[in-house]
>>> print(open('data_32.pdb').read())   # PDB, C-alpha atoms and all ligand atoms
MODEL        1
ATOM      1  CA  MET K 408      23.116   9.910 -97.239
ATOM      2  CA  ALA K 409      26.435  11.390 -96.084
ATOM      3  CA  GLY K 410      25.975  13.084 -92.743
ATOM      4  CA  HIS K 411      22.699  11.330 -91.968
ATOM      5  CA  VAL K 412      22.454  10.828 -88.219
ATOM      6  CA  PRO K 413      19.563   8.782 -86.807
ATOM      7  CA  VAL K 414      18.015  10.415 -83.735
ATOM      8  CA  LEU K 415      18.050   8.753 -80.313
ATOM      9  CA  LEU K 416      19.922   5.776 -81.776
ATOM     10  CA  ASP K 417      21.341   4.398 -78.509
ATOM     11  CA  GLU K 418      17.991   4.853 -76.787
ATOM     12  CA  VAL K 419      16.162   3.050 -79.622
ATOM     13  CA  ILE K 420      18.571   0.100 -79.482
ATOM     14  CA  ARG K 421      18.313  -0.132 -75.703
ATOM     15  CA  ALA K 422      14.518   0.045 -75.700
ATOM     16  CA  LEU K 423      13.807  -2.235 -78.680
ATOM     17  CA  ASP K 424      16.484  -4.695 -77.539
ATOM     18  CA  PRO K 425      16.999  -6.535 -80.865
ATOM     19  CA  ARG K 426      18.203 -10.127 -80.421
ATOM     20  CA  PRO K 427      19.466 -12.862 -82.790
ATOM     21  CA  GLY K 428      16.724 -14.535 -84.794
ATOM     22  CA  GLN K 429      14.122 -11.839 -84.102
ATOM     23  CA  THR K 430      12.017  -9.882 -86.592
ATOM     24  CA  CYS K 431      11.892  -6.076 -86.763
ATOM     25  CA  ALA K 432       9.514  -3.845 -88.722
ATOM     26  CA  ASP K 433      10.888  -0.384 -89.478
ATOM     27  CA  CYS K 434       7.794   1.603 -90.504
ATOM     28  CA  THR K 435       9.833   4.600 -91.649
ATOM     29  CA  ALA K 436      13.086   3.233 -93.033
ATOM     30  CA  GLY K 437      14.196   6.682 -94.286
ATOM     31  CA  LEU K 438      17.884   6.363 -95.077
ATOM     32  CA  GLY K 439      18.202   3.200 -93.026
ATOM     33  CA  GLY K 440      20.097   4.790 -90.132
ATOM     34  CA  HIS K 441      18.288   3.019 -87.293
ATOM     35  CA  SER K 442      17.858  -0.234 -89.183
ATOM     36  CA  ALA K 443      21.544  -0.424 -90.130
ATOM     37  CA  ALA K 444      22.317  -0.482 -86.399
ATOM     38  CA  ILE K 445      19.523  -2.955 -85.629
ATOM     39  CA  ALA K 446      20.329  -5.421 -88.462
ATOM     40  CA  PRO K 447      23.592  -6.924 -87.122
ATOM     41  CA  ARG K 448      21.925  -7.517 -83.759
ATOM     42  CA  LEU K 449      19.275  -9.718 -85.407
ATOM     43  CA  ALA K 450      21.906 -12.052 -86.900
ATOM     44  CA  PRO K 451      21.874 -14.898 -87.456
ATOM     45  CA  GLU K 452      18.518 -15.738 -88.975
ATOM     46  CA  GLY K 453      16.743 -12.513 -88.102
ATOM     47  CA  ARG K 454      14.373 -10.665 -90.383
ATOM     48  CA  LEU K 455      14.060  -6.946 -91.039
ATOM     49  CA  ILE K 456      11.052  -5.467 -92.838
ATOM     50  CA  LEU K 457      11.794  -1.985 -94.185
ATOM     51  CA  ASN K 458       8.844   0.212 -95.058
ATOM     52  CA  ASP K 459       8.683   3.747 -96.481
ATOM     53  CA  LEU K 460       6.312   5.731 -98.638
ATOM     54  CA  ASP K 461       9.285   7.223-100.429
ATOM     55  CA  GLU K 462      10.633   4.732-102.944
ATOM     56  CA  ARG K 463      13.999   6.458-103.318
ATOM     57  CA  ASN K 464      14.611   6.483 -99.587
ATOM     58  CA  LEU K 465      13.584   2.853 -99.374
ATOM     59  CA  THR K 466      16.098   1.854-102.055
ATOM     60  CA  GLU K 467      18.882   3.697-100.221
ATOM     61  CA  ALA K 468      17.833   2.187 -96.903
ATOM     62  CA  ALA K 469      17.790  -1.333 -98.358
ATOM     63  CA  ALA K 470      21.345  -0.905 -99.708
ATOM     64  CA  ARG K 471      22.665   0.466 -96.436
ATOM     65  CA  VAL K 472      20.900  -2.089 -94.253
ATOM     66  CA  GLY K 473      21.780  -4.985 -96.579
ATOM     67  CA  GLU K 474      25.444  -4.045 -96.232
ATOM     68  CA  ALA K 475      25.178  -3.787 -92.437
ATOM     69  CA  ALA K 476      23.372  -7.140 -92.256
ATOM     70  CA  GLY K 477      26.108  -8.834 -94.291
ATOM     71  CA  GLY K 478      23.756 -11.533 -95.587
ATOM     72  CA  ALA K 479      23.063 -12.861 -92.094
ATOM     73  CA  VAL K 480      19.612 -11.238 -91.853
ATOM     74  CA  GLU K 481      16.721 -11.378 -94.310
ATOM     75  CA  VAL K 482      15.930  -7.821 -95.450
ATOM     76  CA  GLU K 483      12.588  -7.155 -97.166
ATOM     77  CA  THR K 484      11.204  -3.870 -98.451
ATOM     78  CA  VAL K 485       7.617  -2.669 -98.530
ATOM     79  CA  CYS K 486       6.832   0.612-100.295
ATOM     80  CA  GLY K 487       3.688   2.134 -98.851
ATOM     81  CA  ASN K 488       2.020   3.911 -95.972
ATOM     82  CA  PHE K 489       2.827   2.423 -92.568
ATOM     83  CA  ALA K 490      -0.900   2.570 -91.861
ATOM     84  CA  GLU K 491      -1.132  -0.477 -94.168
ATOM     85  CA  LEU K 492       1.970  -2.243 -92.900
ATOM     86  CA  PRO K 493       0.399  -4.249 -90.027
ATOM     87  CA  ARG K 494      -2.060  -5.934 -92.404
ATOM     88  CA  ARG K 495       0.712  -6.658 -94.886
ATOM     89  CA  ILE K 496       2.821  -8.208 -92.128
ATOM     90  CA  ALA K 497      -0.127 -10.312 -90.948
ATOM     91  CA  ALA K 498      -0.713 -11.401 -94.564
ATOM     92  CA  MET K 499       2.949 -12.493 -94.791
ATOM     93  CA  GLY K 500       2.262 -14.661 -91.757
ATOM     94  CA  ALA K 501       5.000 -12.819 -89.837
ATOM     95  CA  ARG K 502       4.979 -11.818 -86.145
ATOM     96  CA  VAL K 503       7.311  -8.972 -85.348
ATOM     97  CA  ASP K 504       9.312  -8.677 -82.144
ATOM     98  CA  MET K 505       9.901  -4.954 -82.543
ATOM     99  CA  VAL K 506       8.393  -2.038 -84.434
ATOM    100  CA  LEU K 507      10.002   1.344 -85.002
ATOM    101  CA  ALA K 508       8.353   4.473 -86.394
ATOM    102  CA  ASP K 509      10.569   7.571 -86.658
ATOM    103  CA  LEU K 510       7.916  10.001 -87.818
ATOM    104  CA  GLY K 511       7.907  12.828 -90.327
ATOM    105  CA  PHE K 512      10.372  13.829 -92.999
ATOM    106  CA  ALA K 513      13.900  12.633 -93.689
ATOM    107  CA  SER K 514      16.879  14.975 -94.043
ATOM    108  CA  VAL K 515      16.871  14.483 -97.847
ATOM    109  CA  HIS K 516      13.350  15.857 -98.054
ATOM    110  CA  VAL K 517      14.459  19.287 -96.855
ATOM    111  CA  ASP K 518      17.954  19.134 -98.305
ATOM    112  CA  GLU K 519      16.708  18.576-101.860
ATOM    113  CA  ALA K 520      14.877  21.651-103.152
ATOM    114  CA  ALA K 521      13.036  19.568-105.764
ATOM    115  CA  ARG K 522      11.081  17.699-103.074
ATOM    116  CA  GLY K 523       9.329  20.949-102.197
ATOM    117  CA  PHE K 524       9.517  20.754 -98.390
ATOM    118  CA  SER K 525      11.954  23.552 -97.669
ATOM    119  CA  PHE K 526      11.122  27.199 -97.081
ATOM    120  CA  SER K 527      14.778  28.119 -97.471
ATOM    121  CA  ARG K 528      15.376  26.395-100.826
ATOM    122  CA  ASP K 529      13.275  27.224-103.870
ATOM    123  CA  GLY K 530      11.514  24.275-105.473
ATOM    124  CA  PRO K 531       8.107  23.072-106.670
ATOM    125  CA  LEU K 532       5.590  23.209-103.820
ATOM    126  CA  ASP K 533       5.099  19.439-103.546
ATOM    127  CA  MET K 534       5.712  17.980-100.029
ATOM    128  CA  ARG K 535       4.429  14.462-100.763
ATOM    129  CA  TYR K 536       6.469  11.604 -99.333
ATOM    130  CA  GLY K 537       4.902   9.098-101.673
ATOM    131  CA  GLY K 538       4.201  11.046-104.852
ATOM    132  CA  SER K 539       0.438  10.398-104.890
ATOM    133  CA  GLY K 540      -2.453  12.600-103.813
ATOM    134  CA  MET K 541      -2.625  16.398-103.931
ATOM    135  CA  THR K 542       0.588  18.420-103.857
ATOM    136  CA  ALA K 543       0.972  21.282-101.389
ATOM    137  CA  ALA K 544       0.455  23.729-104.285
ATOM    138  CA  GLU K 545      -2.814  22.033-105.288
ATOM    139  CA  VAL K 546      -4.029  22.205-101.677
ATOM    140  CA  LEU K 547      -3.133  25.894-101.381
ATOM    141  CA  ASN K 548      -4.786  26.750-104.690
ATOM    142  CA  ALA K 549      -7.969  24.708-104.106
ATOM    143  CA  LEU K 550      -9.077  24.901-100.471
ATOM    144  CA  ALA K 551     -11.466  27.508 -99.094
ATOM    145  CA  GLU K 552      -9.941  30.173 -96.848
ATOM    146  CA  ASP K 553     -11.645  28.669 -93.770
ATOM    147  CA  GLU K 554     -10.177  25.249 -94.451
ATOM    148  CA  LEU K 555      -6.687  26.670 -94.982
ATOM    149  CA  ALA K 556      -7.005  28.708 -91.801
ATOM    150  CA  GLU K 557      -8.000  25.622 -89.831
ATOM    151  CA  ILE K 558      -5.053  23.602 -91.170
ATOM    152  CA  ILE K 559      -2.575  26.387 -90.373
ATOM    153  CA  ARG K 560      -4.051  26.828 -86.872
ATOM    154  CA  ASP K 561      -4.431  23.178 -85.926
ATOM    155  CA  LEU K 562      -1.494  21.499 -87.662
ATOM    156  CA  GLY K 563       0.944  24.405 -87.597
ATOM    157  CA  GLU K 564      -0.092  25.822 -84.221
ATOM    158  CA  GLU K 565       0.461  29.186 -85.920
ATOM    159  CA  ARG K 566      -0.843  32.082 -83.813
ATOM    160  CA  HIS K 567      -1.375  34.258 -86.913
ATOM    161  CA  TRP K 568      -3.407  31.635 -88.791
ATOM    162  CA  ARG K 569      -6.098  34.052 -89.951
ATOM    163  CA  ARG K 570      -3.582  36.496 -91.393
ATOM    164  CA  VAL K 571      -1.628  33.806 -93.205
ATOM    165  CA  ALA K 572      -4.748  32.189 -94.715
ATOM    166  CA  SER K 573      -6.081  35.494 -95.936
ATOM    167  CA  ALA K 574      -2.689  36.468 -97.429
ATOM    168  CA  ILE K 575      -2.584  33.115 -99.252
ATOM    169  CA  VAL K 576      -6.047  33.656-100.717
ATOM    170  CA  ARG K 577      -5.177  37.192-101.830
ATOM    171  CA  ARG K 578      -1.946  36.040-103.453
ATOM    172  CA  ARG K 579      -3.496  33.088-105.300
ATOM    173  CA  ALA K 580      -6.179  35.348-106.821
ATOM    174  CA  GLU K 581      -3.332  37.038-108.709
ATOM    175  CA  ARG K 582      -1.521  33.820-109.691
ATOM    176  CA  PRO K 583      -1.725  30.247-108.422
ATOM    177  CA  PHE K 584       1.087  29.065-106.137
ATOM    178  CA  GLU K 585       3.804  26.978-107.753
ATOM    179  CA  THR K 586       6.955  27.220-105.652
ATOM    180  CA  THR K 587       8.129  27.021-102.051
ATOM    181  CA  SER K 588       9.617  30.509-102.107
ATOM    182  CA  GLU K 589       6.283  32.011-103.221
ATOM    183  CA  LEU K 590       4.631  30.585-100.121
ATOM    184  CA  ALA K 591       7.565  31.476 -97.858
ATOM    185  CA  ASP K 592       7.434  35.100 -99.096
ATOM    186  CA  VAL K 593       3.687  35.329 -98.406
ATOM    187  CA  CYS K 594       4.197  34.029 -94.842
ATOM    188  CA  ARG K 595       7.094  36.416 -94.242
ATOM    189  CA  SER K 596       5.135  39.431 -95.420
ATOM    190  CA  ALA K 597       1.951  38.434 -93.550
ATOM    191  CA  ILE K 598       3.467  37.951 -90.122
ATOM    192  CA  PRO K 599       6.356  39.443 -88.163
ATOM    193  CA  ARG K 600       9.491  37.465 -87.355
ATOM    194  CA  GLY K 601       9.003  36.381 -83.743
ATOM    195  CA  ALA K 602      11.313  37.057 -80.834
ATOM    196  CA  ASP K 603      12.352  33.378 -81.007
ATOM    197  CA  GLY K 604      13.983  34.141 -84.383
ATOM    198  CA  ILE K 605      12.271  31.262 -86.196
ATOM    199  CA  ASP K 606      11.320  31.879 -89.801
ATOM    200  CA  PRO K 607       7.675  33.046 -90.097
ATOM    201  CA  ALA K 608       7.129  30.338 -92.743
ATOM    202  CA  THR K 609       8.062  27.473 -90.376
ATOM    203  CA  ARG K 610       4.648  26.712 -88.915
ATOM    204  CA  THR K 611       2.702  27.094 -92.151
ATOM    205  CA  PHE K 612       5.108  24.731 -93.934
ATOM    206  CA  GLN K 613       4.736  22.212 -91.073
ATOM    207  CA  ALA K 614       0.939  22.464 -91.274
ATOM    208  CA  LEU K 615       0.858  21.880 -95.029
ATOM    209  CA  ARG K 616       3.280  18.942 -94.829
ATOM    210  CA  ILE K 617       1.189  17.250 -92.150
ATOM    211  CA  HIS K 618      -2.006  17.859 -94.131
ATOM    212  CA  VAL K 619      -0.639  16.802 -97.543
ATOM    213  CA  ASN K 620       0.608  13.492 -96.111
ATOM    214  CA  ASP K 621      -2.277  13.006 -93.648
ATOM    215  CA  GLU K 622       0.415  12.365 -91.045
ATOM    216  CA  LEU K 623      -1.887  12.282 -88.028
ATOM    217  CA  GLY K 624      -4.360   9.977 -89.813
ATOM    218  CA  SER K 625      -1.582   7.510 -90.655
ATOM    219  CA  LEU K 626      -0.247   7.607 -87.096
ATOM    220  CA  ASP K 627      -3.743   7.019 -85.718
ATOM    221  CA  ALA K 628      -4.176   3.999 -88.007
ATOM    222  CA  LEU K 629      -0.821   2.555 -86.902
ATOM    223  CA  LEU K 630      -1.681   3.044 -83.227
ATOM    224  CA  ALA K 631      -5.064   1.357 -83.721
ATOM    225  CA  ALA K 632      -3.302  -1.588 -85.391
ATOM    226  CA  VAL K 633      -0.901  -1.811 -82.439
ATOM    227  CA  GLU K 634      -3.878  -2.172 -80.114
ATOM    228  CA  ARG K 635      -5.491  -4.821 -82.312
ATOM    229  CA  GLY K 636      -2.143  -6.594 -82.609
ATOM    230  CA  ALA K 637      -1.702  -6.493 -78.828
ATOM    231  CA  ARG K 638      -5.124  -8.096 -78.362
ATOM    232  CA  ALA K 639      -4.291 -10.748 -80.937
ATOM    233  CA  ALA K 640      -0.890 -11.392 -79.292
ATOM    234  CA  GLY K 641      -2.820 -12.120 -76.107
ATOM    235  CA  GLY K 642      -4.912 -14.665 -78.016
ATOM    236  CA  GLY K 643      -7.954 -12.397 -78.230
ATOM    237  CA  GLN K 644      -8.602 -11.636 -81.909
ATOM    238  CA  SER K 645      -8.668 -12.973 -85.443
ATOM    239  CA  VAL K 646      -5.415 -14.066 -87.102
ATOM    240  CA  ASP K 647      -5.551 -11.328 -89.713
ATOM    241  CA  GLU K 648      -4.976  -8.753 -86.924
ATOM    242  CA  SER K 649      -2.045 -10.767 -85.672
ATOM    243  CA  TRP K 650       1.276  -9.080 -86.475
ATOM    244  CA  LEU K 651       2.898  -8.529 -83.074
ATOM    245  CA  ALA K 652       4.667 -11.296 -81.181
ATOM    246  CA  PRO K 653       3.954 -11.533 -77.458
ATOM    247  CA  GLY K 654       6.528  -9.303 -75.721
ATOM    248  CA  ALA K 655       6.990  -7.128 -78.858
ATOM    249  CA  ARG K 656       8.478  -3.693 -78.288
ATOM    250  CA  VAL K 657       6.896  -0.795 -80.185
ATOM    251  CA  GLY K 658       8.916   2.435 -80.329
ATOM    252  CA  ILE K 659       7.639   5.673 -81.815
ATOM    253  CA  ILE K 660       9.726   8.829 -82.217
ATOM    254  CA  SER K 661       7.668  11.985 -82.638
ATOM    255  CA  PHE K 662       8.757  15.549 -83.283
ATOM    256  CA  HIS K 663       5.836  17.693 -82.178
ATOM    257  CA  SER K 664       3.158  17.708 -79.547
ATOM    258  CA  LEU K 665       0.339  16.817 -81.967
ATOM    259  CA  GLU K 666       1.981  13.454 -82.682
ATOM    260  CA  ASP K 667       3.256  12.836 -79.181
ATOM    261  CA  ARG K 668      -0.220  13.408 -77.750
ATOM    262  CA  LEU K 669      -1.640  10.624 -79.948
ATOM    263  CA  VAL K 670       1.159   8.215 -79.043
ATOM    264  CA  LYS K 671       0.925   8.984 -75.326
ATOM    265  CA  ARG K 672      -2.832   8.474 -75.296
ATOM    266  CA  ALA K 673      -2.682   5.200 -77.240
ATOM    267  CA  PHE K 674       0.142   3.739 -75.149
ATOM    268  CA  ARG K 675      -1.542   4.795 -71.906
ATOM    269  CA  ARG K 676      -4.682   3.009 -73.094
ATOM    270  CA  LEU K 677      -2.679  -0.174 -73.712
ATOM    271  CA  ASP K 678      -1.386   0.123 -70.149
ATOM    272  CA  GLU K 679      -4.903   0.592 -68.760
ATOM    273  CA  LEU K 680      -6.229  -2.354 -70.753
ATOM    274  CA  GLY K 681      -3.380  -4.523 -69.471
ATOM    275  CA  LEU K 682      -2.190  -5.051 -73.074
ATOM    276  CA  GLY K 683       1.147  -3.277 -72.759
ATOM    277  CA  GLU K 684       3.450  -1.486 -70.403
ATOM    278  CA  GLY K 685       5.940   1.348 -70.275
ATOM    279  CA  GLY K 686       4.645   3.888 -72.837
ATOM    280  CA  SER K 687       3.920   6.726 -70.477
ATOM    281  CA  ARG K 688       7.550   7.848 -70.027
ATOM    282  CA  PRO K 689       8.989   9.782 -72.982
ATOM    283  CA  ILE K 690      12.714   9.495 -73.680
ATOM    284  CA  SER K 691      14.437  12.650 -74.946
ATOM    285  CA  ALA K 692      17.874  13.276 -76.391
ATOM    286  CA  GLY K 693      20.755  14.186 -74.100
ATOM    287  CA  ALA K 694      22.601  17.512 -74.321
ATOM    288  CA  ALA K 695      25.439  16.073 -76.431
ATOM    289  CA  GLU K 696      23.071  14.755 -79.121
ATOM    290  CA  VAL K 697      21.042  17.974 -79.185
ATOM    291  CA  SER K 698      24.169  20.067 -79.705
ATOM    292  CA  SER K 699      25.338  17.906 -82.617
ATOM    293  CA  ASN K 700      21.910  17.321 -84.181
ATOM    294  CA  PRO K 701      19.390  20.164 -83.725
ATOM    295  CA  ARG K 702      16.488  17.988 -84.930
ATOM    296  CA  ALA K 703      16.964  15.798 -81.845
ATOM    297  CA  ARG K 704      15.866  18.699 -79.617
ATOM    298  CA  SER K 705      12.175  18.059 -80.247
ATOM    299  CA  ALA K 706      12.386  14.249 -80.568
ATOM    300  CA  LYS K 707      10.463  12.137 -78.069
ATOM    301  CA  LEU K 708      10.660   8.364 -78.019
ATOM    302  CA  ARG K 709       7.923   6.337 -76.361
ATOM    303  CA  VAL K 710       8.168   2.590 -76.127
ATOM    304  CA  VAL K 711       5.538   0.115 -75.088
ATOM    305  CA  ARG K 712       6.092  -3.572 -74.487
ATOM    306  CA  ILE K 713       3.181  -5.698 -75.641
ATOM    307  CA  GLY K 714       1.939  -8.167 -73.114
ATOM    308  CA  GLY K 715       2.501  -6.159 -69.989
ATOM    309  CA  CYS K 716       6.146  -6.916 -69.096
ATOM    310  CA  ALA K 717       8.122  -3.900 -67.876
ATOM    311  CA  VAL K 718      10.204  -2.078 -70.525
TER     312      VAL K 718
HETATM  313  C1  LIG K 801      12.592  10.675 -89.994
HETATM  314  S1  LIG K 801      12.671   9.746 -91.452
HETATM  315  C2  LIG K 801      13.239   8.181 -90.903
HETATM  316  C3  LIG K 801      14.737   8.128 -90.746
HETATM  317  C4  LIG K 801      15.257   6.738 -90.410
HETATM  318  N1  LIG K 801      14.823   6.298 -89.116
HETATM  319  C5  LIG K 801      16.754   6.709 -90.519
HETATM  320  O1  LIG K 801      17.415   6.535 -89.481
HETATM  321  O2  LIG K 801      17.284   6.870 -91.625
HETATM  322  C6  LIG K 801      10.988   9.412 -91.779
HETATM  323  C7  LIG K 801      10.708   8.617 -93.042
HETATM  324  O3  LIG K 801       9.356   8.193 -92.944
HETATM  325  C8  LIG K 801       8.740   8.269 -94.214
HETATM  326  N2  LIG K 801       7.303   8.397 -93.936
HETATM  327  C9  LIG K 801       6.637   9.453 -93.416
HETATM  328  N3  LIG K 801       5.338   9.147 -93.251
HETATM  329  C10 LIG K 801       5.176   7.870 -93.673
HETATM  330  C11 LIG K 801       4.066   6.992 -93.736
HETATM  331  N4  LIG K 801       2.837   7.364 -93.340
HETATM  332  N5  LIG K 801       4.257   5.736 -94.189
HETATM  333  C12 LIG K 801       5.493   5.331 -94.596
HETATM  334  N6  LIG K 801       6.591   6.133 -94.563
HETATM  335  C13 LIG K 801       6.434   7.378 -94.108
HETATM  336  C14 LIG K 801       9.386   9.443 -94.893
HETATM  337  O4  LIG K 801       9.343   9.277 -96.289
HETATM  338  C15 LIG K 801      10.824   9.369 -94.349
HETATM  339  O5  LIG K 801      11.650   8.667 -95.238
ENDMDL
END
>>> encode(input="data_32.pdb", output="structure tokens")
Amino acid sequence: MAGHVPVLLDEVIRALDPRPGQTCADCTAGLGGHSAAIAPRLAPEGRLILNDLDERNLTEAAARVGEAAGGAVEVETVCGNFAELPRRIAAMGARVDMVLADLGFASVHVDEAARGFSFSRDGPLDMRYGGSGMTAAEVLNALAEDELAEIIRDLGEERHWRRVASAIVRRRAERPFETTSELADVCRSAIPRGADGIDPATRTFQALRIHVNDELGSLDALLAAVERGARAAGGGQSVDESWLAPGARVGIISFHSLEDRLVKRAFRRLDELGLGEGGSRPISAGAAEVSSNPRARSAKLRVVRIGGCAV
């Protein structure tokens, strides 16, 4: 946890505007960085629902946020996919005043070789946030070349997708993939290092991570639940879709164009339907944050306010 810096923290606080007594759902608690800053602002009598697929992260987040809340805010944890969180919140009978989703992986995922996300640290080729479903190695060893090529092209936006997929298939015929460095070596020998200096394995690792965790599918499900929740907040739908309070702020931080495109489209639709307002303007990190935290460079925060009041 040492050194963990939440991205766009000031911007998140300003846009979500947590107030005493309100309820916040953090879909991606991670190491609790954002929520630790939100918690004291909900006191007294606020409620913070922390969700993460990764049980270890969730435990760390709960400890950090519990300490920041100092007993003045109710902190609950939910271990699971955020795609399921809206229904769980509705089933609790809660209505949240703000929702945060800070998408993708946490720093520990790449810092710990054993999690299998890093192309610069050797570990088992795993990449699952939640520990269920196929590992990255199982995907690489099982899928047809065409399917692998499509994943690398569409989710990695890798220009040399054909070459990488065919190198993977050739390599696995000799011996199935087991480790991150085996895959990184195949990528590095299949394609040249670009002029931008980024490691040739970068895009293929991104593609596999997104596929293994069905990241776009989960985001789509969350965005659909936001729309249903916005309708319900306006009095339009059944109570089991009801998880957003009128005036709720929903903030989503994305790190690549595939995610941001989904968020932009969904928030624009809310605007057009008169169910929300403000999501069309992305907020990016300032120069100072980018220089101290390189991951902030690609971060984009979009915030929509449910019920059509200006954000
Ligand atoms: C960028 S980190 C969040 C960091 C957090 N905001 C903080 O300040 O510490 C993203 C977290 O989301 C989790 N995650 C990714 N996809 C998820 C999903 N579909 N459902 C639940 N958690 C998910 C990851 O396990 C990771 O811990």
>>> residues_around(input="data_32.pdb", residues="region 610-620 of chain K", least_positions_apart="3", cutoff="9 Å", atoms="all atoms listed in the file", output="MDAnalysis selection string")
chainID K and resid 511:512 524:526 533:537 540:543 546:547 555 558:565 568 571 587 590:591 594 606:607 623:625
>>> residues_near_ligand(input="data_32.pdb", ligand="ligand LIG 801 (chain K)", cutoff="8 Å", atoms="all atoms listed in the file", output="ChimeraX atom specification")
/K:411-414,433-442,458-461,464-465,468,486-490,508-514,516,536-537,620-622,625-626
>>> atom_distance(input="data_32.pdb", atom1="CA of Arg582 (chain K)", atom2="CA of Arg600 (chain K)")
25.2 Å
>>> residues_near_point(input="data_32.pdb", point="(-4.4, 38.7, -89.3)", cutoff="12 Å", atoms="all atoms listed in the file", output="list in words")
Ala556, Glu565, Arg566, His567, Trp568, Arg569, Arg570, Val571, Ala572, Ser573, Ala574, Ile575, Cys594, Ser596, Ala597, Ile598 and Pro599 of chain K
>>> atom_distance(input="data_32.pdb", atom1="CA of Ala432 (chain K)", atom2="CA of Ser687 (chain K)")
21.8 Å
>>> decode(input="data_32.pdb", residues="region 672-685 of chain K", atoms="N, CA and C atoms", output="PDB file, in the first residue's frame")
ATOM      1  N   ARG K 672     -20.470   7.326 -24.507  1.00  0.00           N
ATOM      2  CA  ARG K 672     -21.720   7.035 -25.212  1.00  0.00           C
ATOM      3  C   ARG K 672     -22.879   6.884 -24.216  1.00  0.00           C
ATOM      4  N   ALA K 673     -22.629   6.172 -23.131  1.00  0.00           N
ATOM      5  CA  ALA K 673     -23.703   5.925 -22.153  1.00  0.00           C
ATOM      6  C   ALA K 673     -24.125   7.221 -21.461  1.00  0.00           C
ATOM      7  N   PHE K 674     -23.146   8.052 -21.115  1.00  0.00           N
ATOM      8  CA  PHE K 674     -23.473   9.298 -20.406  1.00  0.00           C
ATOM      9  C   PHE K 674     -24.165  10.288 -21.355  1.00  0.00           C
ATOM     10  N   ARG K 675     -23.729  10.273 -22.616  1.00  0.00           N
ATOM     11  CA  ARG K 675     -24.385  11.156 -23.598  1.00  0.00           C
ATOM     12  C   ARG K 675     -25.853  10.749 -23.759  1.00  0.00           C
ATOM     13  N   ARG K 676     -26.080   9.436 -23.767  1.00  0.00           N
ATOM     14  CA  ARG K 676     -27.449   8.920 -23.882  1.00  0.00           C
ATOM     15  C   ARG K 676     -28.312   9.382 -22.691  1.00  0.00           C
ATOM     16  N   LEU K 677     -27.727   9.354 -21.493  1.00  0.00           N
ATOM     17  CA  LEU K 677     -28.479   9.820 -20.325  1.00  0.00           C
ATOM     18  C   LEU K 677     -28.877  11.287 -20.497  1.00  0.00           C
ATOM     19  N   ASP K 678     -27.932  12.055 -21.024  1.00  0.00           N
ATOM     20  CA  ASP K 678     -28.175  13.478 -21.320  1.00  0.00           C
ATOM     21  C   ASP K 678     -29.340  13.625 -22.296  1.00  0.00           C
ATOM     22  N   GLU K 679     -29.262  12.846 -23.393  1.00  0.00           N
ATOM     23  CA  GLU K 679     -30.295  12.952 -24.442  1.00  0.00           C
ATOM     24  C   GLU K 679     -31.666  12.529 -23.936  1.00  0.00           C
ATOM     25  N   LEU K 680     -31.662  11.531 -23.029  1.00  0.00           N
ATOM     26  CA  LEU K 680     -32.940  11.052 -22.491  1.00  0.00           C
ATOM     27  C   LEU K 680     -33.457  11.944 -21.364  1.00  0.00           C
ATOM     28  N   GLY K 681     -32.664  12.948 -21.007  1.00  0.00           N
ATOM     29  CA  GLY K 681     -33.064  13.845 -19.912  1.00  0.00           C
ATOM     30  C   GLY K 681     -32.960  13.179 -18.547  1.00  0.00           C
ATOM     31  N   LEU K 682     -32.120  12.099 -18.473  1.00  0.00           N
ATOM     32  CA  LEU K 682     -31.987  11.361 -17.203  1.00  0.00           C
ATOM     33  C   LEU K 682     -30.748  11.786 -16.420  1.00  0.00           C
ATOM     34  N   GLY K 683     -29.866  12.531 -17.072  1.00  0.00           N
ATOM     35  CA  GLY K 683     -28.633  12.933 -16.392  1.00  0.00           C
ATOM     36  C   GLY K 683     -27.980  14.070 -17.134  1.00  0.00           C
ATOM     37  N   GLU K 684     -26.955  14.647 -16.506  1.00  0.00           N
ATOM     38  CA  GLU K 684     -26.326  15.787 -17.162  1.00  0.00           C
ATOM     39  C   GLU K 684     -24.850  15.878 -16.804  1.00  0.00           C
ATOM     40  N   GLY K 685     -24.049  16.274 -17.769  1.00  0.00           N
ATOM     41  CA  GLY K 685     -22.660  16.633 -17.471  1.00  0.00           C
ATOM     42  C   GLY K 685     -21.612  15.659 -17.959  1.00  0.00           C
TER      43      GLY K 685
END
